[in-house]
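S.K.: Just passing along the structure, written as C-alpha cells.
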Amino acid sequence: MLRLEKDELEQFIGILYLMSIVKLPSTRMYWSNELYFEKVSAVMTLNRFEKIKLFLHCNDNRQRPENCTDKLYKIRPIINMLKESFISLKHDEILCIDEQVVPFKGRSSLKQYNPHKPKKWGFKFYILASVDGLVNNFEIHSGSIDVCEGQPDLKASGNIVMHLLVNVPRHKWHKLFFDNWYTGFDLVKTLYHQGIACTGTVRTNRLPNIKMPTDGELKKEGRGSTAIRVTTVDNVELCTIKWFDNRGVALLTSYEAVNPINIVNRWDRKTKRIVQVKRPSVVTTYNTYMGGVDLLDGMLSLYRIHIRSKKWYHKLIWHFFDLIVVQAWILYCRDMKKSQALKKDIFQLRIFKLKVAKCLVQSDKALSSRRGRPSTSVDHLHRLKRKRGPAANLPEPSTRKDNIGYFPFFVDKKGRCKYPGCTGITKVFCEKCKVHLCFTSNSNCFRKFHE
C-alpha cells in the first residue's frame with residue numbers, strides 16, 4: 001500500500017499546476033535529460049509522481065455498498081466538499097444557469113456527445129454562476145434527473161434548475177437567466193411564486209396558445225422588428241418578445257420589458273455599410289448577464305491540466321483542481337477591487353496560479369531526497385556545473401555519442417577541458433564537437449566525453 005502524506009499530496013497538486021502553465025507534450029519530459037524542468041523534477045522523482053497518480057483515489061472502493069447505484073461514487077467526497085464550499089458563498093442578485101462540458105474521449109458511461117459544443121465529447125455539468133463566473137452550485141449529469149424534494153415535477157430541464165437553486169434564498173427577487181433548453185411557462189411561473197424573477201430564450205413550441213410571427217414575417221418588416229405577446233398564467237404576467245436581427249430570437253420573461261429601446265450598430269451586407277438597429281431592453285439585459293458560465297469556461301481553458309490518464313475520474317479530479325484555483329482568483333479579484341487596488345497590482349490568472357503552485361510545492365516542505373549514487377553522466381555533471389555559474393553549451397548527445405567522425409588533433413591555442421569536473425588545460429581539440437579535451441596517459445577525458 002502506498003503511504004501518502006499531506007505535504008506530499010500538496011506537492012503533487014502543485015506539480016500539476018506547474019504543468020498546466022508550462023506545457024510539454026509528455027509528462028516524462030519534465031524529468032528528461034533533454035529538457036529537465038527543474039521546478040518539477042527537483043520537487044519529486046518521476047517514479048514517485050507516477051505512483052501517486054496511479055493510486056490516487058477519493059473514495060474507498062472496499063466500502064462501496066453492493067446496491068450502490070451512484071455512478072460518481074469514486075469522486076463523491078470531493079463533489080460534496082466542493083458543493084458545500086460553493087453553496088456557502090453569498091449569492092449575487094443576478095445569476096445564470098448554463099451547461100459546461102469537461103473534454104473527455106475515453107471510456108465512461110457518463111460521457112456525453114453534443115455536436116453543437118466546441119468540445120463535442122465530455123462530461124456534462126450544470127452550473128449556477130454569477131456574472132463574473134463565480135460558481136454557487138453545480139450538478140454532474142449522470143442519468144435521469146429526479147424531482148427536487150419539495151418542488152413540483154417540471155420535467156428534466158426544470159428539475160435540474162430547482163436542484164441548482166435549492167440553497168438560493170426565496171423572495172429576495174434574484175434575477176435568473178438561462179437558455180432555451182430550460183425555459184418554459186411552468187418553470188418561470190413556479191420561480192416567480194417563490195420570489196425569483198427569470199428571463200430566458202424560449203422555443204416557440206413551448207408557448208401554448210401563443211402564436212408568434214415567423215422569421216419570414218418579421219424579416220419583411222425589416223431588421224430590428226419586434227413582436228410582443230403578454231399572457232397571464234396562475235396570476236403571473238409573462239411577456240414573450242420576439243426580435244429579429246439576422247434571425248429571430250424569442251425570449252420569455254417575468255420581469256423585464258421591451259422599453260427602453262436601445263440602438264445598436266450592425267453591418268448591412270446589401271448596402272455595405274453600418275446601419276442602426278433597434279433592440280429591446282430585454283435582449284440587452286439578457287446579453288449582458290447570461291455569459292457567466294461561458295466566461296468561466298474561457299478561464300478554465302487557458303491553463304487546464306493536461307495529464308493523460310485512462311481513468312475517467314482522474315479527468316474530473318483535474319477539472320476540480322483547476323476550478324478551485326479559478327474560483328479563488330475570482331474572489332481575490334473581488335477583494336482587490338473592493339480595496340480600490342490599481343489594476344496593475346492585481347495578479348493575472350497565470351501569475352496567481354503560479355504563486356499557488358509555488359506555495360504548494362515549497363512552503364514548509366523539503367525537496368525530494370534522491371537515493372542511490374550520484375550520476376556521473378556528462379549531461380548531469382554539466383547541469384551541476386551550470387548551477388555554479390555560466391558554462392558553455394555542450395554538443396547534443398546524439399552528436400557526441402554517434403561514434404562517427406570525432407578525431408583528436410592539436411591546435412596552437414590552449415583551452416580548458418570541457419569534460420565536467422576536469423580543470424586541465426590542453427591543446428587537444430575534437431574536430432567534430434569543437435571542444436578542448438584532455439588526451440594524456442593520466443587523463444583520457446576525450447574518451448569519457450564521447451562514451
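Ordering of the C-alpha cells sets the chain letters (A, B, ...); residue numbers start at 1 within each chain; ligands are numbered from 1 in the order shown.
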I want to know what sits within 12 Å of Ser281 of chain A, based on only C-alpha atoms, with residues of the same chain fewer than 2 positions away left out; could you give that as a ChimeraX atom specification?
M.R.: /A:199,226,241,243,251,253,255-264,278-279,283-288
S.K.: Applying 7 Å and only C-alpha atoms, which residues near segment 93-104 of chain A remain after dropping the ones on its own chain fewer than 2 positions away? List them as a PDB file with C-alpha atoms, in the first residue's frame.
M.R.:
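This is the output file part14.pdb:
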ATOM      1  CA  HIS A  91     -25.381  34.675  -3.818  1.00  0.00           C
ATOM      2  CA  GLY A 106     -12.041   7.927 -23.016  1.00  0.00           C
ATOM      3  CA  LYS A 119     -15.745  20.144 -27.347  1.00  0.00           C
ATOM      4  CA  TRP A 121     -17.288  14.683 -26.195  1.00  0.00           C
ATOM      5  CA  GLY A 122     -17.050  15.042 -22.446  1.00  0.00           C
ATOM      6  CA  PHE A 123     -18.726  15.158 -19.051  1.00  0.00           C
ATOM      7  CA  LYS A 124     -21.701  17.497 -18.810  1.00  0.00           C
ATOM      8  CA  PHE A 125     -22.004  19.906 -15.870  1.00  0.00           C
ATOM      9  CA  TYR A 126     -24.977  22.096 -14.982  1.00  0.00           C
ATOM     10  CA  ILE A 127     -23.634  25.295 -13.444  1.00  0.00           C
ATOM     11  CA  LEU A 128     -25.263  28.065 -11.382  1.00  0.00           C
ATOM     12  CA  ALA A 129     -22.902  31.035 -11.534  1.00  0.00           C
ATOM     13  CA  SER A 130     -22.718  34.787 -11.138  1.00  0.00           C
ATOM     14  CA  VAL A 131     -21.927  37.213 -13.954  1.00  0.00           C
ATOM     15  CA  HIS A 174     -32.864  37.273  -7.523  1.00  0.00           C
ATOM     16  CA  LYS A 175     -32.651  37.722 -11.310  1.00  0.00           C
ATOM     17  CA  LEU A 176     -32.076  34.400 -13.067  1.00  0.00           C
ATOM     18  CA  PHE A 177     -31.052  33.878 -16.715  1.00  0.00           C
ATOM     19  CA  PHE A 178     -30.923  30.629 -18.731  1.00  0.00           C
ATOM     20  CA  MET A 290     -26.089  35.455 -19.465  1.00  0.00           C
ATOM     21  CA  GLY A 292     -21.144  33.900 -16.622  1.00  0.00           C
ATOM     22  CA  VAL A 293     -20.653  30.191 -17.343  1.00  0.00           C
TER      23      VAL A 293
END
S.K.: Which of these residues is nearest to Lys310 of chain A, using only C-alpha atoms: A:Ser108, A:Asn265, A:Ser157, A:Gln11?
M.R.: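 Among the listed residues, A:Ser108 lies closest to Lys310 of chain A.
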S.K.: Would you please work out which residue, of A:Ile307, A:His450, A:Cys333, A:Val188, is nearest to Leu24 of chain A when using only C-alpha atoms?
M.R.: A:Ile307
S.K.: Quick one: DSSP alpha helix (DSSP H) residues in segment 26-98 of chain A, as a list of chain:residue names?
M.R.: A:Glu38, A:Lys39, A:Val40, A:Ser41, A:Leu46, A:Asn47, A:Arg48, A:Phe49, A:Glu50, A:Lys51, A:Ile52, A:Lys53, A:Leu54, A:Phe55, A:Arg76, A:Pro77, A:Ile78, A:Ile79, A:Asn80, A:Met81, A:Leu82, A:Lys83, A:Glu84, A:Ser85, A:Phe86, A:Ile87
